[in-house]
$ cat data.cif   # mmCIF, C-alpha atoms and all ligand atoms
data_coords
loop_
_atom_site.label_atom_id
_atom_site.label_comp_id
_atom_site.auth_asym_id
_atom_site.auth_seq_id
_atom_site.Cartn_x
_atom_site.Cartn_y
_atom_site.Cartn_z
CA MET A 520 0.00 0.00 0.00
CA PRO A 521 1.35 3.51 -0.77
CA SER A 522 2.06 5.62 2.34
CA THR A 523 -0.14 8.28 3.96
CA ALA A 524 1.23 11.82 4.38
CA SER A 525 3.98 11.96 7.00
CA ARG A 526 2.63 15.17 8.57
CA LEU A 527 -0.23 13.08 9.94
CA ASN A 528 2.24 11.35 12.26
CA TYR A 529 2.24 14.48 14.43
CA ILE A 530 -1.53 14.78 14.68
CA LYS A 531 -3.50 13.21 17.53
CA THR A 532 -6.97 11.75 16.99
CA SER A 533 -9.54 13.74 18.94
CA PRO A 534 -10.36 11.98 22.22
CA ILE A 535 -13.82 13.60 22.23
CA ARG A 536 -14.53 12.05 18.84
CA ARG A 537 -13.40 8.69 20.25
CA ILE A 538 -15.84 9.16 23.12
CA ALA A 539 -18.61 10.13 20.70
CA SER A 540 -18.11 6.85 18.81
CA LEU A 541 -17.94 4.96 22.09
CA LEU A 542 -21.25 6.54 23.07
CA ASP A 543 -22.75 5.49 19.75
CA GLU A 544 -21.63 1.93 20.46
CA VAL A 545 -22.90 1.77 24.03
CA ARG A 546 -26.07 3.83 23.59
CA ARG A 547 -28.14 0.70 24.01
CA ARG A 548 -26.75 0.28 27.52
CA SER A 549 -29.23 2.74 28.97
CA ASP A 550 -27.49 3.18 32.29
CA ILE A 551 -24.49 5.02 30.80
CA ILE A 552 -24.49 8.59 32.07
CA SER A 553 -22.53 10.93 29.85
CA PHE A 554 -20.85 14.04 31.21
CA GLY A 555 -18.58 13.70 28.15
CA GLY A 556 -19.17 15.41 24.79
CA GLY A 557 -20.92 18.79 24.61
CA ALA A 558 -23.88 17.80 22.45
CA PRO A 559 -27.07 19.57 23.58
CA SER A 560 -29.85 17.21 24.67
CA LEU A 561 -32.52 19.89 24.20
CA PRO A 562 -34.56 19.66 21.01
CA PRO A 563 -34.10 22.62 18.63
CA PRO A 564 -36.99 25.12 18.29
CA LYS A 565 -40.01 23.23 16.95
CA GLU A 566 -40.78 26.05 14.50
CA ILE A 567 -37.48 25.36 12.68
CA ILE A 568 -38.34 21.72 12.12
CA ASP A 569 -41.92 22.46 11.00
CA TYR A 570 -40.62 25.09 8.58
CA LEU A 571 -37.99 22.70 7.23
CA VAL A 572 -40.46 19.86 6.63
CA ASP A 573 -42.74 22.29 4.83
CA LYS A 574 -39.87 23.69 2.71
CA LEU A 575 -38.70 20.21 1.76
CA ARG A 576 -42.22 19.22 0.68
CA ASN A 577 -43.24 22.38 -1.12
CA ASP A 578 -40.02 23.89 -2.42
CA THR A 579 -37.98 20.73 -2.87
CA GLN A 580 -35.63 21.62 -5.72
CA LYS A 581 -34.52 24.89 -4.21
CA THR A 582 -34.13 23.45 -0.71
CA VAL A 583 -31.91 20.55 -1.78
CA GLY A 584 -29.93 22.41 -4.44
CA TYR A 585 -26.37 23.77 -4.30
CA CYS A 586 -25.82 27.27 -3.00
CA GLY A 587 -22.85 29.63 -3.36
CA THR A 588 -19.69 28.85 -1.37
CA ARG A 589 -20.39 31.70 1.11
CA GLY A 590 -23.87 30.34 1.84
CA LEU A 591 -27.37 31.71 1.29
CA PRO A 592 -27.37 35.52 1.03
CA GLU A 593 -30.65 35.75 2.98
CA LEU A 594 -29.12 33.80 5.91
CA ARG A 595 -26.03 36.03 5.91
CA GLU A 596 -28.29 39.07 5.98
CA LEU A 597 -30.18 37.74 8.99
CA ILE A 598 -26.89 36.97 10.77
CA SER A 599 -25.68 40.49 10.04
CA ASN A 600 -28.88 41.97 11.56
CA ASP A 601 -28.54 39.70 14.57
CA LEU A 602 -24.95 40.76 15.26
CA LYS A 603 -25.89 44.41 14.83
CA GLU A 604 -28.74 44.05 17.30
CA ASN A 605 -26.65 42.24 19.89
CA TYR A 606 -23.26 43.95 19.54
CA GLY A 607 -23.95 47.15 17.60
CA ILE A 608 -21.54 46.21 14.82
CA GLU A 609 -22.43 46.06 11.14
CA TYR A 610 -20.95 43.25 9.07
CA ASP A 611 -21.51 43.45 5.33
CA PRO A 612 -23.41 40.22 4.54
CA SER A 613 -21.87 39.93 1.09
CA SER A 614 -18.21 40.52 1.95
CA GLU A 615 -17.68 40.04 5.71
CA ILE A 616 -19.65 36.87 6.52
CA ILE A 617 -19.24 33.27 5.34
CA ILE A 618 -21.36 30.26 6.29
CA THR A 619 -19.21 27.31 7.33
CA ASP A 620 -19.66 23.62 8.05
CA GLY A 621 -19.85 24.22 11.79
CA GLY A 622 -17.32 26.05 13.89
CA THR A 623 -14.86 23.26 13.10
CA GLU A 624 -14.60 24.25 9.47
CA GLY A 625 -14.55 27.92 10.47
CA ILE A 626 -11.47 27.28 12.63
CA PHE A 627 -9.74 25.32 9.89
CA LEU A 628 -10.50 27.84 7.14
CA ALA A 629 -9.40 30.74 9.34
CA LEU A 630 -6.12 29.06 10.27
CA SER A 631 -5.50 27.90 6.68
CA SER A 632 -6.00 31.47 5.48
CA ILE A 633 -3.26 32.94 7.66
CA ILE A 634 -0.65 30.34 8.68
CA GLU A 635 2.68 30.05 6.86
CA LYS A 636 5.09 27.23 7.75
CA GLY A 637 6.74 27.97 11.11
CA ASP A 638 4.25 30.67 12.19
CA GLU A 639 3.24 30.56 15.84
CA VAL A 640 -0.29 30.54 17.12
CA ILE A 641 -0.88 31.18 20.81
CA ILE A 642 -3.61 29.26 22.59
CA MET A 643 -4.52 28.81 26.22
CA ASP A 644 -3.76 25.69 28.21
CA PRO A 645 -6.17 24.04 28.87
CA THR A 646 -8.31 24.82 25.85
CA TYR A 647 -10.64 23.32 23.27
CA LEU A 648 -9.05 20.36 21.48
CA GLY A 649 -9.87 21.59 18.00
CA TYR A 650 -7.02 24.09 17.69
CA SER A 651 -3.60 22.54 18.25
CA GLU A 652 -3.86 19.67 15.76
CA ALA A 653 -5.22 21.96 13.03
CA ILE A 654 -2.31 24.37 13.61
CA LYS A 655 0.18 21.50 13.38
CA LEU A 656 -1.45 20.08 10.26
CA LEU A 657 -0.86 23.47 8.63
CA GLU A 658 2.80 23.34 9.74
CA GLY A 659 2.37 26.10 12.27
CA ARG A 660 3.73 25.99 15.82
CA VAL A 661 1.56 25.92 18.92
CA ARG A 662 2.51 28.18 21.85
CA LYS A 663 0.55 28.07 25.08
CA ILE A 664 -0.23 30.26 28.05
CA PRO A 665 -1.44 28.44 31.16
CA VAL A 666 -4.72 29.25 32.92
CA LYS A 667 -5.37 28.00 36.45
CA VAL A 668 -8.30 27.34 38.72
CA GLU A 669 -6.79 29.72 41.35
CA ASP A 670 -7.20 32.61 38.87
CA GLY A 671 -10.71 31.61 37.89
CA TYR A 672 -9.17 30.30 34.65
CA GLN A 673 -8.48 33.88 33.51
CA PRO A 674 -5.36 34.29 31.34
CA ASN A 675 -2.69 36.75 32.34
CA LEU A 676 -1.59 39.55 29.98
CA GLU A 677 2.00 39.34 31.23
CA ASP A 678 2.17 35.65 30.19
CA LEU A 679 0.90 36.66 26.78
CA LYS A 680 3.43 39.50 26.42
CA HIS A 681 6.28 37.10 27.22
CA ILE A 682 5.31 34.53 24.66
CA ILE A 683 4.77 36.88 21.69
CA SER A 684 7.59 36.55 19.13
CA PRO A 685 8.38 37.93 15.66
CA VAL A 686 6.59 34.91 14.15
CA THR A 687 3.42 35.16 16.23
CA LYS A 688 0.64 34.99 13.66
CA ALA A 689 -2.47 34.68 15.82
CA PHE A 690 -3.96 34.33 19.25
CA ILE A 691 -7.04 32.18 19.71
CA LEU A 692 -9.48 33.57 22.23
CA LEU A 693 -12.34 31.38 23.38
CA SER A 694 -15.07 32.88 25.53
CA PRO A 695 -17.26 31.55 27.09
CA ASP A 696 -14.64 28.88 27.45
CA ASN A 697 -14.53 25.15 26.85
CA PRO A 698 -13.42 23.35 29.08
CA THR A 699 -13.67 25.84 31.98
CA GLY A 700 -16.86 27.87 31.42
CA ARG A 701 -15.13 31.15 32.26
CA ILE A 702 -16.02 34.39 30.53
CA ILE A 703 -13.04 36.50 29.59
CA LYS A 704 -12.54 39.79 31.47
CA GLU A 705 -12.84 42.97 29.46
CA GLU A 706 -9.39 44.18 30.62
CA PHE A 707 -7.81 41.12 29.02
CA VAL A 708 -9.59 41.71 25.71
CA LYS A 709 -8.48 45.36 25.67
CA GLY A 710 -4.89 44.37 26.44
CA LEU A 711 -4.98 41.59 23.86
CA VAL A 712 -6.22 43.92 21.11
CA ASP A 713 -3.46 46.46 21.94
CA LEU A 714 -0.84 43.71 21.77
CA ALA A 715 -2.27 42.41 18.49
CA VAL A 716 -2.11 45.91 16.98
CA ASP A 717 1.44 46.56 18.27
CA ASN A 718 2.76 43.17 17.15
CA ASP A 719 0.58 42.81 14.06
CA PHE A 720 -1.09 39.45 14.68
CA TRP A 721 -4.60 38.08 14.15
CA ILE A 722 -7.16 37.37 16.83
CA ILE A 723 -9.27 34.33 16.14
CA TYR A 724 -12.24 34.73 18.42
CA ASP A 725 -14.12 31.46 18.92
CA ALA A 726 -17.57 32.59 20.00
CA ALA A 727 -19.18 29.14 19.86
CA TYR A 728 -20.95 29.78 23.18
CA LYS A 729 -21.59 33.53 22.85
CA TYR A 730 -25.31 33.33 23.62
CA ILE A 731 -24.98 30.75 26.39
CA THR A 732 -24.15 32.92 29.39
CA TYR A 733 -25.54 32.93 32.93
CA ASP A 734 -24.13 35.67 35.13
CA ALA A 735 -21.56 37.71 33.24
CA VAL A 736 -21.63 39.68 29.99
CA ASN A 737 -19.42 38.16 27.30
CA PRO A 738 -17.29 40.78 25.53
CA TRP A 739 -17.48 40.89 21.71
CA VAL A 740 -13.89 41.43 20.56
CA ASP A 741 -14.70 43.53 17.47
CA LYS A 742 -16.11 46.28 19.71
CA TYR A 743 -12.64 47.25 20.90
CA SER A 744 -10.74 49.86 18.98
CA GLY A 745 -8.29 48.36 16.50
CA ALA A 746 -9.80 44.85 16.65
CA ARG A 747 -12.02 44.86 13.61
CA GLU A 748 -9.32 44.64 10.91
CA ARG A 749 -7.50 41.78 12.67
CA THR A 750 -10.28 39.62 14.12
CA ILE A 751 -11.90 36.53 12.63
CA THR A 752 -14.88 35.24 14.59
CA ILE A 753 -15.97 31.61 14.71
CA ASN A 754 -19.65 30.88 15.35
CA THR A 755 -21.80 27.77 15.31
CA PHE A 756 -25.45 26.72 15.34
CA SER A 757 -24.50 23.51 17.17
CA LYS A 758 -24.82 25.10 20.60
CA GLU A 759 -27.13 28.15 20.43
CA ALA A 760 -29.72 26.44 18.20
CA SER A 761 -29.07 22.87 19.50
CA LEU A 762 -28.45 21.70 15.92
CA PRO A 763 -25.02 20.01 15.94
CA GLY A 764 -26.03 17.52 13.24
CA PHE A 765 -26.76 20.33 10.77
CA ARG A 766 -22.99 21.06 10.73
CA LEU A 767 -23.50 24.76 10.21
CA GLY A 768 -21.86 27.87 11.59
CA TYR A 769 -20.46 31.13 10.30
CA SER A 770 -17.45 33.40 10.46
CA THR A 771 -17.02 37.13 10.25
CA GLY A 772 -13.87 38.99 9.36
CA PRO A 773 -12.31 41.58 7.07
CA LYS A 774 -13.21 41.16 3.39
CA GLU A 775 -9.72 39.81 2.51
CA ILE A 776 -10.02 37.01 5.06
CA ILE A 777 -13.54 36.05 4.04
CA ASP A 778 -12.31 35.94 0.40
CA ALA A 779 -9.45 33.68 1.46
CA MET A 780 -11.73 31.41 3.50
CA GLU A 781 -14.12 31.14 0.54
CA LYS A 782 -11.25 30.24 -1.80
CA ILE A 783 -10.20 27.34 0.44
CA LYS A 784 -13.76 26.22 1.15
CA GLN A 785 -14.37 25.81 -2.59
CA TYR A 786 -11.95 22.90 -2.53
CA VAL A 787 -12.85 21.50 0.87
CA SER A 788 -16.64 21.28 0.76
CA LEU A 789 -17.71 23.37 -2.25
CA ALA A 790 -20.62 24.98 -0.38
CA PRO A 791 -22.40 24.69 2.97
CA ASP A 792 -25.44 22.46 3.43
CA THR A 793 -28.43 24.18 1.80
CA VAL A 794 -31.16 22.23 3.61
CA GLY A 795 -30.02 23.28 7.06
CA GLN A 796 -29.51 26.88 5.98
CA TYR A 797 -33.11 27.16 4.84
CA ALA A 798 -34.24 25.84 8.19
CA LEU A 799 -32.05 28.38 9.97
CA LEU A 800 -33.77 31.27 8.20
CA LYS A 801 -36.64 30.54 10.58
CA PHE A 802 -34.34 30.70 13.64
CA TYR A 803 -33.94 34.43 13.05
CA GLN A 804 -37.62 35.17 12.42
CA ASP A 805 -40.57 35.97 14.69
CA GLY A 806 -38.35 36.29 17.77
CA ILE A 807 -37.80 32.50 17.76
CA LYS A 808 -34.10 32.68 18.60
CA GLU A 809 -34.55 35.13 21.50
CA LYS A 810 -37.48 33.18 22.94
CA TYR A 811 -35.69 29.84 22.61
CA LEU A 812 -32.57 31.10 24.36
CA LYS A 813 -34.37 33.10 27.05
CA ASP A 814 -37.20 30.70 27.89
CA ILE A 815 -35.64 27.30 27.26
CA VAL A 816 -31.87 27.10 26.81
CA ILE A 817 -30.58 29.44 29.51
CA PRO A 818 -33.04 28.49 32.31
CA THR A 819 -32.57 24.76 31.64
CA TYR A 820 -28.78 24.87 31.61
CA LYS A 821 -28.62 27.31 34.53
CA LYS A 822 -30.65 24.94 36.71
CA ARG A 823 -28.45 22.02 35.68
CA ARG A 824 -25.31 24.07 36.31
CA ASP A 825 -26.40 25.06 39.82
CA LEU A 826 -27.38 21.49 40.58
CA MET A 827 -24.08 20.06 39.34
CA TYR A 828 -22.15 22.66 41.33
CA SER A 829 -23.86 21.73 44.59
CA LEU A 830 -23.41 18.01 43.86
CA ILE A 831 -19.68 18.45 43.17
CA LYS A 832 -19.38 20.24 46.52
CA GLU A 833 -21.32 17.42 48.20
CA HIS A 834 -19.67 14.36 46.61
CA LEU A 835 -16.19 15.72 45.90
CA PRO A 836 -15.69 18.26 48.73
CA ASP A 837 -11.92 18.39 48.24
CA ALA A 838 -12.10 19.08 44.51
CA LYS A 839 -11.50 22.61 43.22
CA THR A 840 -13.59 24.20 40.52
CA VAL A 841 -15.11 27.47 39.35
CA LYS A 842 -18.82 27.84 38.70
CA PRO A 843 -19.09 28.35 34.91
CA GLU A 844 -20.38 31.77 33.85
CA GLY A 845 -21.15 30.52 30.35
CA ALA A 846 -21.01 27.46 28.04
CA PHE A 847 -21.86 24.18 29.76
CA TYR A 848 -18.81 22.59 31.33
CA PHE A 849 -17.23 22.19 34.76
CA PHE A 850 -13.47 21.79 34.82
CA VAL A 851 -12.70 20.14 38.12
CA ASP A 852 -9.30 19.80 39.77
CA ILE A 853 -9.42 16.38 41.46
CA SER A 854 -5.71 16.16 42.37
CA HIS A 855 -6.58 15.51 46.02
CA TYR A 856 -8.47 12.33 45.10
CA LEU A 857 -6.07 11.19 42.38
CA GLU A 858 -3.23 11.30 44.87
CA LEU A 859 -5.15 9.13 47.34
CA MET A 860 -6.14 6.75 44.54
CA ASN A 861 -2.68 6.73 43.01
CA ARG A 862 -4.16 7.26 39.54
CA ASP A 863 -3.94 9.91 36.83
CA ASP A 864 -6.92 11.64 35.25
CA GLU A 865 -6.99 9.29 32.26
CA GLU A 866 -7.04 6.18 34.46
CA PHE A 867 -9.71 7.80 36.61
CA ALA A 868 -11.96 8.40 33.59
CA ASN A 869 -11.41 4.89 32.20
CA ARG A 870 -12.14 3.16 35.48
CA LEU A 871 -15.14 5.34 36.20
CA LEU A 872 -16.65 4.30 32.89
CA TYR A 873 -15.78 0.64 33.40
CA ARG A 874 -17.02 0.44 36.98
CA LYS A 875 -19.82 2.98 37.20
CA ASN A 876 -20.93 3.64 33.62
CA VAL A 877 -20.22 7.36 33.87
CA ILE A 878 -18.34 9.25 31.16
CA VAL A 879 -16.10 12.23 32.02
CA ILE A 880 -13.24 13.64 29.93
CA PRO A 881 -9.68 13.53 31.34
CA GLY A 882 -8.42 17.08 31.80
CA SER A 883 -5.00 16.30 30.34
CA HIS A 884 -6.65 16.00 26.91
CA PHE A 885 -7.10 19.79 27.00
CA GLY A 886 -3.42 20.52 27.69
CA ASP A 887 -0.69 19.91 30.25
CA THR A 888 -2.17 22.36 32.75
CA GLY A 889 -5.34 20.29 32.62
CA ARG A 890 -3.62 17.30 34.22
CA ASN A 891 -5.37 16.00 37.34
CA HIS A 892 -8.65 17.54 36.24
CA ILE A 893 -11.80 16.15 34.68
CA ARG A 894 -14.27 17.97 32.44
CA MET A 895 -17.93 17.32 33.06
CA THR A 896 -20.69 18.73 30.90
CA PHE A 897 -24.19 19.34 32.23
CA VAL A 898 -25.63 19.75 28.75
CA SER A 899 -26.52 16.23 27.81
CA GLU A 900 -28.22 14.72 30.86
CA SER A 901 -31.43 15.55 32.77
CA GLU A 902 -31.37 16.74 36.39
CA GLU A 903 -32.26 13.25 37.67
CA ARG A 904 -29.39 11.72 35.76
CA ILE A 905 -26.98 14.45 36.88
CA ILE A 906 -27.90 13.56 40.48
CA GLU A 907 -27.37 9.84 39.77
CA GLY A 908 -24.10 10.45 37.90
CA LEU A 909 -22.55 12.50 40.71
CA ARG A 910 -23.76 9.93 43.25
CA ARG A 911 -21.90 7.25 41.26
CA ILE A 912 -18.75 9.39 41.05
CA GLY A 913 -18.89 9.99 44.81
CA ALA A 914 -19.28 6.25 45.48
CA PHE A 915 -16.44 5.45 43.06
CA VAL A 916 -14.03 7.83 44.77
CA PHE A 917 -15.15 6.70 48.22
CA SER A 918 -14.49 3.02 47.36
CA TYR A 919 -10.85 3.90 46.61
CA THR A 920 -10.16 6.33 49.40
CA LEU A 921 -11.66 4.49 52.40
C1 LIG A 1001 -15.07 25.96 21.55
C2 LIG A 1001 -15.63 25.20 20.42
N1 LIG A 1001 -15.40 25.64 19.18
C3 LIG A 1001 -15.87 24.98 18.11
C4 LIG A 1001 -16.60 23.82 18.28
C5 LIG A 1001 -17.05 23.12 17.03
O1 LIG A 1001 -18.39 22.93 16.96
P1 LIG A 1001 -19.15 22.63 15.59
O2 LIG A 1001 -18.18 22.18 14.59
O3 LIG A 1001 -20.18 21.63 15.94
O4 LIG A 1001 -19.76 23.93 15.23
C6 LIG A 1001 -16.86 23.32 19.56
C7 LIG A 1001 -17.60 22.07 19.77
O5 LIG A 1001 -17.71 21.52 20.83
C8 LIG A 1001 -16.36 24.05 20.67
O6 LIG A 1001 -16.55 23.64 21.91
#

$ encode --input "data.cif" --output "structure tokens" --more "lines below"
Ligand SMILES: Cc1ncc(COP(=O)(O)O)c(C=O)c1O
Amino acid sequence: MPSTASRLNYIKTSPIRRIASLLDEVRRRSDIISFGGGAPSLPPPKEIIDYLVDKLRNDTQKTVGYCGTRGLPELRELISNDLKENYGIEYDPSSEIIITDGGTEGIFLALSSIIEKGDEVIIMDPTYLGYSEAIKLLEGRVRKIPVKVEDGYQPNLEDLKHIISPVTKAFILLSPDNPTGRIIKEEFVKGLVDLAVDNDFWIIYDAAYKYITYDAVNPWVDKYSGARERTITINTFSKEASLPGFRLGYSTGPKEIIDAMEKIKQYVSLAPDTVGQYALLKFYQDGIKEKYLKDIVIPTYKKRRDLMYSLIKEHLPDAKTVKPEGAFYFFVDISHYLELMNRDDEEFANRLLYRKNVIVIPGSHFGDTGRNHIRMTFVSESEERIIEGLRRIGAFVFSYTL
């Protein structure tokens, strides 16, 4: 057999994807409780589905046809209005917005548009798993700044200043954050934008969870002076519309970047999925999005978050964590227990699944600073099952630490 490309030797397979396939395999074992992957368990707005069924029946050819590589103009226009309403910034729907195959493609197209071999991209540690391998695949170099539970998982501007080099090409900001749920402080964003201007690098702002916030206001990077011409935003309908299977999202950025992303997308996926885009037109109409987020998504997740927080305190009193201000994850430092159990976070997660049928993600998967942590999402299980899952985790730890 001829060989595969050698650059793949440096790329890790995503552990979350492995867990997603594991979940598919074991789904029939109904007593598995998953605090693993961040796939919303809430149904999307019913109006979207009704509209889609109707469109497919009555306007079939148009709904299943190809669209342009940037996506449907009417969807881009609605996105532009939505961003203007929420952040007061106008994005030209024809030149500054592109529809992508989820945030994942947005990240890849953005990075592919800017990285030259040897360029450095700064990310946080721990952070979302989708960045480092994409950077490496494009022959860029990953640099990291650590964030710690003691600081509420807030990054430090001094750490950033120290790591910037002549080949720094971009900084990836994620807020609300995965895996920690923290919302970035405004002072950091201001400092970051100043550094990006002074050192001429891009800010890739992953706003996957921008509308899923509980207590704090999430800053929109483009609002800060100097940011607009150097910021690419990544957005997704997987989280805010609970439609991960649609594989749709969008990016905003300066015209030149959107042109570059379109050029690459032509050869990656030709165009985004038309069927899902038609359905999403409805998301932005008749106040459906606002009502869905305000009446269903936020109250449901907030209740689950508060419940999980009190259960962590009850069953793992010596663990350290920060109550998430947005997104839907707890990042929990369980070093105290791991030491008593003489295990690392990966062994902990494996044994917990084997013995108690509960899935958590080892923190080390998100970076070295994530060692001795676990990530638990409260997005995919009901309150009853969150109670049962934490009870099982408590019993599991207790059985080792007697
Ligand atoms: C921070 C972040 N960015 C991007 C994504 C990609 O999501 P999708 O490709 O479903 O839009 C995820 C998914 O979990 C995420 O957590």

$ residues_near_ligand --input "data.cif" --ligand "ligand LIG 1001 (chain A)" --cutoff "10 Å" --atoms "all atoms listed in the file" --output "PyMOL selection string"
chain A and resi 535+556-559+619-626+646-650+692-698+724-728+753-759+761-769+846-848

$ atom_distance --input "data.cif" --atom1 "atom CA of Ile817 of chain A" --atom2 "atom CA of Leu561 of chain A"
11.1 Å

$ residues_around --input "data.cif" --residues "Ala629 of chain A" --least-positions-apart "6" --cutoff "9 Å" --atoms "all atoms listed in the file" --output "list of chain:residue names"
A:Ile723, A:Ile751, A:Thr752, A:Ile753, A:Ser770, A:Ile776, A:Ile777, A:Ala779, A:Met780

$ atom_distance --input "data.cif" --atom1 "atom CA of Val668 of chain A" --atom2 "atom CA of Phe850 of chain A"
8.5 Å

$ residues_around --input "data.cif" --residues "Glu639 of chain A" --least-positions-apart "6" --cutoff "10 Å" --atoms "only C-alpha atoms" --output "ChimeraX atom specification"
/A:654-655,658-663,682-690,720

$ closest_residue --input "data.cif" --among "A:Arg823, A:His834, A:Lys603, A:Lys782" --to "Asp741 of chain A" --atoms "all atoms listed in the file"
A:Lys603

$ atom_distance --input "data.cif" --atom1 "atom CA of Leu859 of chain A" --atom2 "atom CA of Asn876 of chain A"
21.6 Å

$ closest_residue --input "data.cif" --among "A:Val640, A:Ile551, A:Val916, A:Ile731" --to "Thr819 of chain A" --atoms "all atoms listed in the file"
A:Ile731

$ residues_near_point --input "data.cif" --point "(-16.2, 0.3, 40.7)" --cutoff "6 Å" --atoms "only C-alpha atoms" --output "MDAnalysis selection string"
chainID A and resid 874:875 915

$ write_last_selection --input "data.cif" --atoms "C-alpha atoms" --output "PDB file, keeping the file's coordinate frame"
ATOM      1  CA  ARG A 874     -17.020   0.440  36.980  1.00  0.00           C
ATOM      2  CA  LYS A 875     -19.820   2.980  37.200  1.00  0.00           C
ATOM      3  CA  PHE A 915     -16.440   5.450  43.060  1.00  0.00           C
TER       4      PHE A 915
END

$ closest_residue --input "data.cif" --among "A:Tyr797, A:Glu902, A:Pro773, A:Ala760" --to "Leu575 of chain A" --atoms "all atoms listed in the file"
A:Tyr797

$ closest_residue --input "data.cif" --among "A:Tyr873, A:Tyr606, A:Tyr733, A:Tyr529" --to "Tyr820 of chain A" --atoms "all atoms listed in the file"
A:Tyr733

$ closest_residue --input "data.cif" --among "A:Ile664, A:Ile878, A:Leu871, A:Met895" --to "Ala914 of chain A" --atoms "all atoms listed in the file"
A:Leu871

$ closest_residue --input "data.cif" --among "A:Ser631, A:Ala524, A:Lys842, A:Glu615" --to "Ile702 of chain A" --atoms "only C-alpha atoms"
A:Lys842
